[in-house]
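Engineer: What follows is a single structure, and I will ask about it in a moment.
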Amino acid sequence: MSVDTSIRAVLRAPQVARVLLGSQIGRLPTASGPLALLLFARQSLSLAAAGLLVAAYTAGMAAGTPLLARAVDRWRQPPVLWAAAAVSGLGFGTVALTGGHLAGAITGAAVAGFGTPPLEACLRTLWPALLPPATVPTAYTLDIAVQEVIFVVGPLVTLLAVTVGGPAAGLLAAAVVQLAGTALYALSPAARAWRGVAAVRHWAGPLRVPRFGVTMLGVVGVGAAVGSIAVAATGYAEAAGDRRLSGWLLAAQAAGALVGGLAYTRARPGGPGRLPLLAAALTGGYLPLLLTPGPVPMAGLLALSGLALPPVLTAVFLTAERLAEPGTVAEAFAWVSTAFVVGSAAGSALTGASAGVRYGLVVAPAAALAGTAVLAAVALRDRRAAPLRASRGA
């Protein structure tokens with residue numbers, strides 16, 4: 001008897017819609033938080049300080065997410081999520097109350113990032129418990145695709161709050177939205193019932209597995225490609241004489257990723273074995289951008305460049321789940337997110353340091369090629385080793 005692996009089957013499963021919605025709402029500050037910090041700093045401090053606050057928030061999030069996920073693996077989800085949301089909210093509130101004190105604002109931003117609830121990792125540990133095994137890859141892809149909505153809605157929430165209540169209101173809105181989403185997720189029966197696997201754990205967690213660490217290097221490359229586009233799109237828009245174009249261009253890429261993810265669910269997402277082909281598609285999608293055509297064709301090319309991202313990340317998360325040792329799955333998922341954030345920051349920095357729009361656009365395909373080559377190498381090695389493992393098991 002075949003199993004229905006469609007999006008409808010996923011969303012109809014008990015509790016899935018609730019935990020997916022709660023996770024998405026709680027993760028809105030990953031997109032709204034940096035903008036709120038930027039607008040607050042430009043009003044109360046300086047443009048240079050704005051960059052420092054966003055960097056502190058990103059660094060805090062990159063450092064805190066794996067540690068919080070490790071606590072989830074060793075304990076339970078709700079207590080860790082509640083504590084994290086409280087710490088992050090305290091950080092946002094600290095920034096709002098600092099006025100013109102740069103050191104206090106940087107500290108608050110770092111705390112806000114460090115306390116970011118690991119909702120993404122927590123949600124993905126629930127899929128095997130809520131869905132049949134054949135449907136889990138579809139759930140991964142759906143989550144990754146819908147995540148693109150965060151980067152559209154999140155900034156809008158900040159802009160609305162700032163318009164109504166001023167720059168500090170954007171920070172408070174991020175804290176409130178984060179807490180609301182965390183509450184919706186953490187109070188669900190699925191989150192309260194989940195327990196980590198009892199196991200003997202190593203201090204390095206999932207990074208103890210060499211292939212997992214190599215896979216994270218590949219994810220850094222993919223993140224660098226995505227992060228570079230945000231800066232390159234801004235440079236393109238300025239060269240075209242209209243800075244507002246950058247928002248439309250990035251929205252086009254996000255729309256492409258959403259379409260690509262939803263379409264991939266209909267193709268019955270496979271496991272890590274598809275990674276080499278998907279990685280090649282991701283790299284190839286960035287190459288046409290080097291043509292730097294007019295704004296309308298450029299938006300179309302950016303939409304195409306986003307199509308392969310959710311399928312690639314789906315295969316990465318399935319790989320991480322398979323490589324993680326017992327009792328480290330949540331932390332493994334968190335490391336994927338952290339590697340992507342670190343890569344995105346590096347890609348933005350490299351593109352910002354490049355001279356000219358076309359040179360900036362070279363970063364994306366180059367980083368994607370490097371990252372996906374590493375991911376493909378891991379997948380191909382596993383494919384060759386599979387028959388040997390099977391024969392030994394026999």
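By order of appearance in the structure tokens: chains A, B, ..., then residues from 1 within every chain, and ligands from 1 in the order shown.
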Based on the backbone DSSP call, show me all residues of segment 83-143 of chain A assigned alpha helix (DSSP H), as a ChimeraX atom specification.

Structural biologist: /A:83-97,102-114,119-130,136-143

Engineer: Give me the residues within 12 Å of Ala9 of chain A as a list of chain:residue names, counting only C-alpha atoms and dropping any in the same chain fewer than 2 places off.

Structural biologist: A:Val3, A:Asp4, A:Thr5, A:Ser6, A:Ile7, A:Leu11, A:Arg12, A:Ala13, A:Pro14, A:Val16, A:Ala17, A:Leu130, A:Leu131, A:Pro132, A:Ala134, A:Thr135, A:Val136, A:Thr138, A:Ala139, A:Leu142, A:Thr265, A:Arg266

Engineer: Need the shell around segment 284-295 of chain A: protein/DNA/RNA residues with any atom at most 12 Å away, counting only C-alpha atoms. Skip same-chain ones fewer than 4 positions apart. Format as a VMD selection string?

Structural biologist: chain A and resid 222 225 to 226 228 to 229 232 to 233 235 to 250 252 to 253 256 to 257 260 277 to 280 299 to 309 356 to 369 372

Engineer: By how many Å are atom CA of Arg124 of chain A and atom CA of Phe333 of chain A apart?

Structural biologist: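 About the pair atom CA of Arg124 of chain A and atom CA of Phe333 of chain A: they are 7.5 Å apart.
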
Engineer: For Ala63 of chain A, work out the shell of residues within 12 Å, counting only C-alpha atoms and skipping chain neighbours fewer than 3 positions away, then give it as a list in words.

Structural biologist: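 Skipping anything fewer than 3 positions along the chain leaves Ala56, Tyr57, Thr58, Ala59, Gly60, Pro66, Leu67, Leu68, Ala69, Arg70, Ala110, Val111, Ala112, Gly113, Phe114, Gly115, Thr116, Pro118, Glu331, Ala334, Trp335, Ser337, Thr338, Ala339, Val341 and Val342 of chain A.
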
Engineer: Quick one: write out the picked residues with N, CA and C atoms as a compact mmCIF listing (two decimals), in the first residue's frame?

Structural biologist:
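Everything below was put into part16.txt:
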# COMPACT_ATOMS: atom_id res chain seq x y z
N ALA A 56 26.77 41.52 16.03
CA ALA A 56 26.70 40.93 17.37
C ALA A 56 25.51 40.00 17.49
N TYR A 57 24.38 40.40 16.93
CA TYR A 57 23.18 39.56 16.97
C TYR A 57 23.42 38.25 16.20
N THR A 58 24.00 38.36 15.02
CA THR A 58 24.27 37.17 14.20
C THR A 58 25.27 36.25 14.88
N ALA A 59 26.33 36.83 15.44
CA ALA A 59 27.34 36.02 16.13
C ALA A 59 26.74 35.32 17.35
N GLY A 60 25.91 36.05 18.10
CA GLY A 60 25.26 35.44 19.25
C GLY A 60 24.37 34.29 18.86
N PRO A 66 23.54 26.00 18.60
CA PRO A 66 23.96 24.61 18.88
C PRO A 66 23.94 24.27 20.37
N LEU A 67 24.30 25.24 21.22
CA LEU A 67 24.32 24.97 22.66
C LEU A 67 22.91 24.74 23.20
N LEU A 68 21.97 25.55 22.75
CA LEU A 68 20.58 25.38 23.19
C LEU A 68 20.01 24.07 22.66
N ALA A 69 20.34 23.73 21.42
CA ALA A 69 19.87 22.46 20.86
C ALA A 69 20.47 21.28 21.60
N ARG A 70 21.72 21.40 22.05
CA ARG A 70 22.33 20.33 22.84
C ARG A 70 21.57 20.15 24.15
N ALA A 110 23.89 40.92 21.26
CA ALA A 110 24.50 39.60 21.35
C ALA A 110 23.66 38.66 22.20
N VAL A 111 23.11 39.16 23.30
CA VAL A 111 22.25 38.34 24.16
C VAL A 111 20.97 37.95 23.43
N ALA A 112 20.40 38.90 22.68
CA ALA A 112 19.18 38.61 21.92
C ALA A 112 19.43 37.50 20.90
N GLY A 113 20.59 37.54 20.26
CA GLY A 113 20.91 36.50 19.29
C GLY A 113 21.20 35.18 19.95
N PHE A 114 21.96 35.22 21.04
CA PHE A 114 22.34 33.99 21.75
C PHE A 114 21.11 33.25 22.26
N GLY A 115 20.10 33.97 22.70
CA GLY A 115 18.91 33.34 23.25
C GLY A 115 17.86 32.96 22.22
N THR A 116 18.15 33.14 20.96
CA THR A 116 17.17 32.79 19.93
C THR A 116 16.71 31.33 20.11
N PRO A 118 15.80 27.62 19.58
CA PRO A 118 16.16 26.73 18.46
C PRO A 118 14.93 26.03 17.88
N GLU A 331 20.94 18.88 18.02
CA GLU A 331 22.16 19.67 17.86
C GLU A 331 22.68 19.60 16.43
N ALA A 334 20.81 22.00 14.44
CA ALA A 334 21.22 23.35 14.81
C ALA A 334 22.54 23.73 14.14
N TRP A 335 23.46 22.76 14.03
CA TRP A 335 24.73 23.05 13.37
C TRP A 335 24.54 23.37 11.90
N SER A 337 21.96 24.98 10.68
CA SER A 337 21.53 26.38 10.68
C SER A 337 22.69 27.33 10.96
N THR A 338 23.53 26.96 11.92
CA THR A 338 24.67 27.80 12.27
C THR A 338 25.66 27.91 11.12
N ALA A 339 25.95 26.77 10.49
CA ALA A 339 26.88 26.79 9.34
C ALA A 339 26.34 27.68 8.23
N VAL A 341 24.29 30.29 8.60
CA VAL A 341 24.38 31.68 9.03
C VAL A 341 25.81 32.20 8.91
N VAL A 342 26.77 31.38 9.34
CA VAL A 342 28.18 31.78 9.24
C VAL A 342 28.57 31.99 7.78

Engineer: How many Å separate atom CA of Leu37 of chain A from atom CA of Val153 of chain A?

Structural biologist: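 So the answer is 16.4 Å.
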
Engineer: May I have a table of the residues of segment 15-116 of chain A lying at most 8 Å from segment 182-189 of chain A, giving each one's closest pair of atoms and their distance in Å to one decimal, counting only C-alpha atoms, ordered by chain and ascending residue number, as CSV?

Structural biologist:
residue,atom,partner,partner_atom,distance
A:Gln15,CA,A:Ser188,CA,7.5
A:Arg18,CA,A:Tyr185,CA,7.0
A:Val19,CA,A:Tyr185,CA,5.0
A:Leu20,CA,A:Tyr185,CA,7.9
A:Leu21,CA,A:Tyr185,CA,7.8
A:Gly22,CA,A:Tyr185,CA,4.6
A:Ser23,CA,A:Tyr185,CA,6.1
A:Ile25,CA,A:Thr182,CA,7.8
A:Gly26,CA,A:Thr182,CA,5.2
A:Gln77,CA,A:Ala186,CA,7.2
A:Pro78,CA,A:Ala186,CA,5.0
A:Leu81,CA,A:Thr182,CA,6.8
A:Trp82,CA,A:Thr182,CA,7.2
A:Ala85,CA,A:Thr182,CA,7.2

Engineer: So, with only C-alpha atoms as the atoms that count, which of A:Val164, A:Leu207, A:Arg274, A:Gly221 lies closest to Leu380 of chain A?

Structural biologist: A:Arg274

Engineer: Near Gly33 of chain A, counting only C-alpha atoms, which residues have an atom at most 12 Å away, once you skip same-chain residues fewer than 6 positions from it, shown as an MDAnalysis selection string?

Structural biologist: chainID A and resid 26:27 39:40 50 53:58 61 88:89 91:93 95 109:110 112:113 116 150:151 153:159 161 167:178

Engineer: Please report the interatomic distance between atom CA of Ala345 of chain A and atom CA of Leu35 of chain A in Å with one decimal.

Structural biologist: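 Going from atom CA of Ala345 of chain A over to atom CA of Leu35 of chain A, I get 14.9 Å.
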
Engineer: For Val378 of chain A, please output as a ChimeraX atom specification all residues within 12 Å (counting only C-alpha atoms; exclusion window: fewer than 3 positions along the same chain).

Structural biologist: /A:210-219,272-276,279,315-316,319-320,323,371-375,381-385

Engineer: With N, CA, C and O atoms kept, could you save the residues just selected as a short mmCIF file (atom, residue, chain, number, x, y, z; two decimals), in the first residue's frame?

Structural biologist:
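Result file result-v5.cif:
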data_model
loop_
_atom_site.label_atom_id
_atom_site.label_comp_id
_atom_site.auth_asym_id
_atom_site.auth_seq_id
_atom_site.Cartn_x
_atom_site.Cartn_y
_atom_site.Cartn_z
N PRO A 210 33.37 12.65 11.50
CA PRO A 210 34.11 13.46 10.50
C PRO A 210 33.28 13.86 9.30
O PRO A 210 33.36 15.01 8.85
N ARG A 211 32.46 12.95 8.77
CA ARG A 211 31.67 13.28 7.59
C ARG A 211 30.64 14.37 7.89
O ARG A 211 30.29 15.16 7.01
N PHE A 212 30.17 14.41 9.13
CA PHE A 212 29.23 15.48 9.49
C PHE A 212 29.95 16.83 9.46
O PHE A 212 29.41 17.82 8.95
N GLY A 213 31.15 16.88 10.03
CA GLY A 213 31.90 18.12 10.01
C GLY A 213 32.20 18.59 8.60
O GLY A 213 32.10 19.79 8.29
N VAL A 214 32.56 17.66 7.71
CA VAL A 214 32.82 18.02 6.31
C VAL A 214 31.54 18.54 5.66
O VAL A 214 31.56 19.52 4.88
N THR A 215 30.42 17.90 5.97
CA THR A 215 29.14 18.37 5.42
C THR A 215 28.85 19.80 5.84
O THR A 215 28.35 20.60 5.04
N MET A 216 29.17 20.16 7.09
CA MET A 216 28.95 21.52 7.55
C MET A 216 29.81 22.53 6.78
O MET A 216 29.38 23.66 6.52
N LEU A 217 30.99 22.12 6.36
CA LEU A 217 31.81 23.00 5.52
C LEU A 217 31.11 23.27 4.19
O LEU A 217 31.14 24.39 3.67
N GLY A 218 30.48 22.25 3.66
CA GLY A 218 29.71 22.43 2.43
C GLY A 218 28.55 23.38 2.63
O GLY A 218 28.25 24.21 1.76
N VAL A 219 27.88 23.28 3.79
CA VAL A 219 26.76 24.17 4.07
C VAL A 219 27.23 25.62 4.18
O VAL A 219 26.53 26.55 3.78
N PRO A 272 19.75 11.68 0.78
CA PRO A 272 21.03 12.27 0.45
C PRO A 272 21.56 11.86 -0.92
O PRO A 272 22.39 12.56 -1.48
N GLY A 273 21.09 10.74 -1.47
CA GLY A 273 21.59 10.29 -2.75
C GLY A 273 21.36 11.26 -3.89
O GLY A 273 22.06 11.23 -4.90
N ARG A 274 20.37 12.12 -3.74
CA ARG A 274 20.08 13.10 -4.79
C ARG A 274 20.94 14.36 -4.68
O ARG A 274 20.86 15.24 -5.52
N LEU A 275 21.74 14.45 -3.64
CA LEU A 275 22.47 15.68 -3.36
C LEU A 275 23.41 16.11 -4.49
O LEU A 275 23.45 17.30 -4.82
N PRO A 276 24.19 15.22 -5.11
CA PRO A 276 25.08 15.69 -6.18
C PRO A 276 24.34 16.41 -7.31
O PRO A 276 24.77 17.47 -7.77
N ALA A 279 22.95 19.72 -6.04
CA ALA A 279 24.03 20.68 -5.85
C ALA A 279 24.46 21.30 -7.17
O ALA A 279 24.71 22.51 -7.25
N ALA A 315 18.00 17.73 1.34
CA ALA A 315 18.97 16.63 1.30
C ALA A 315 20.02 16.78 2.40
O ALA A 315 20.47 15.79 2.99
N VAL A 316 20.39 18.03 2.70
CA VAL A 316 21.38 18.27 3.76
C VAL A 316 20.82 17.85 5.12
O VAL A 316 21.50 17.19 5.92
N THR A 319 20.73 14.20 5.40
CA THR A 319 22.10 13.72 5.63
C THR A 319 22.50 13.91 7.09
O THR A 319 23.08 13.02 7.71
N ALA A 320 22.19 15.09 7.63
CA ALA A 320 22.53 15.37 9.03
C ALA A 320 21.82 14.41 9.97
O ALA A 320 22.42 13.91 10.94
N LEU A 323 23.66 11.03 9.74
CA LEU A 323 25.02 11.01 10.27
C LEU A 323 25.09 11.25 11.77
O LEU A 323 26.07 10.84 12.42
N GLY A 371 30.91 24.86 -2.07
CA GLY A 371 30.09 24.21 -1.06
C GLY A 371 29.43 22.95 -1.57
O GLY A 371 29.44 21.90 -0.91
N THR A 372 28.85 23.04 -2.74
CA THR A 372 28.13 21.88 -3.26
C THR A 372 29.08 20.77 -3.70
O THR A 372 28.70 19.60 -3.67
N ALA A 373 30.30 21.13 -4.08
CA ALA A 373 31.28 20.09 -4.42
C ALA A 373 31.60 19.26 -3.18
O ALA A 373 31.72 18.02 -3.24
N VAL A 374 31.72 19.93 -2.03
CA VAL A 374 31.97 19.21 -0.78
C VAL A 374 30.78 18.32 -0.43
O VAL A 374 30.94 17.14 -0.08
N LEU A 375 29.56 18.86 -0.54
CA LEU A 375 28.36 18.09 -0.23
C LEU A 375 28.22 16.88 -1.15
O LEU A 375 27.88 15.78 -0.73
N ARG A 381 30.62 9.47 -1.63
CA ARG A 381 31.40 8.54 -0.80
C ARG A 381 30.46 7.61 -0.03
O ARG A 381 30.71 6.42 0.09
N ASP A 382 29.37 8.17 0.49
CA ASP A 382 28.40 7.34 1.20
C ASP A 382 27.77 6.32 0.27
O ASP A 382 27.50 5.19 0.65
N ARG A 383 27.51 6.74 -0.96
CA ARG A 383 26.89 5.83 -1.93
C ARG A 383 27.81 4.65 -2.23
O ARG A 383 27.37 3.50 -2.34
N ARG A 384 29.10 4.91 -2.35
CA ARG A 384 30.06 3.82 -2.62
C ARG A 384 30.22 2.92 -1.41
O ARG A 384 30.45 1.72 -1.54
N ALA A 385 30.11 3.53 -0.22
CA ALA A 385 30.32 2.74 1.00
C ALA A 385 29.10 1.92 1.39
O ALA A 385 29.21 0.97 2.16
#
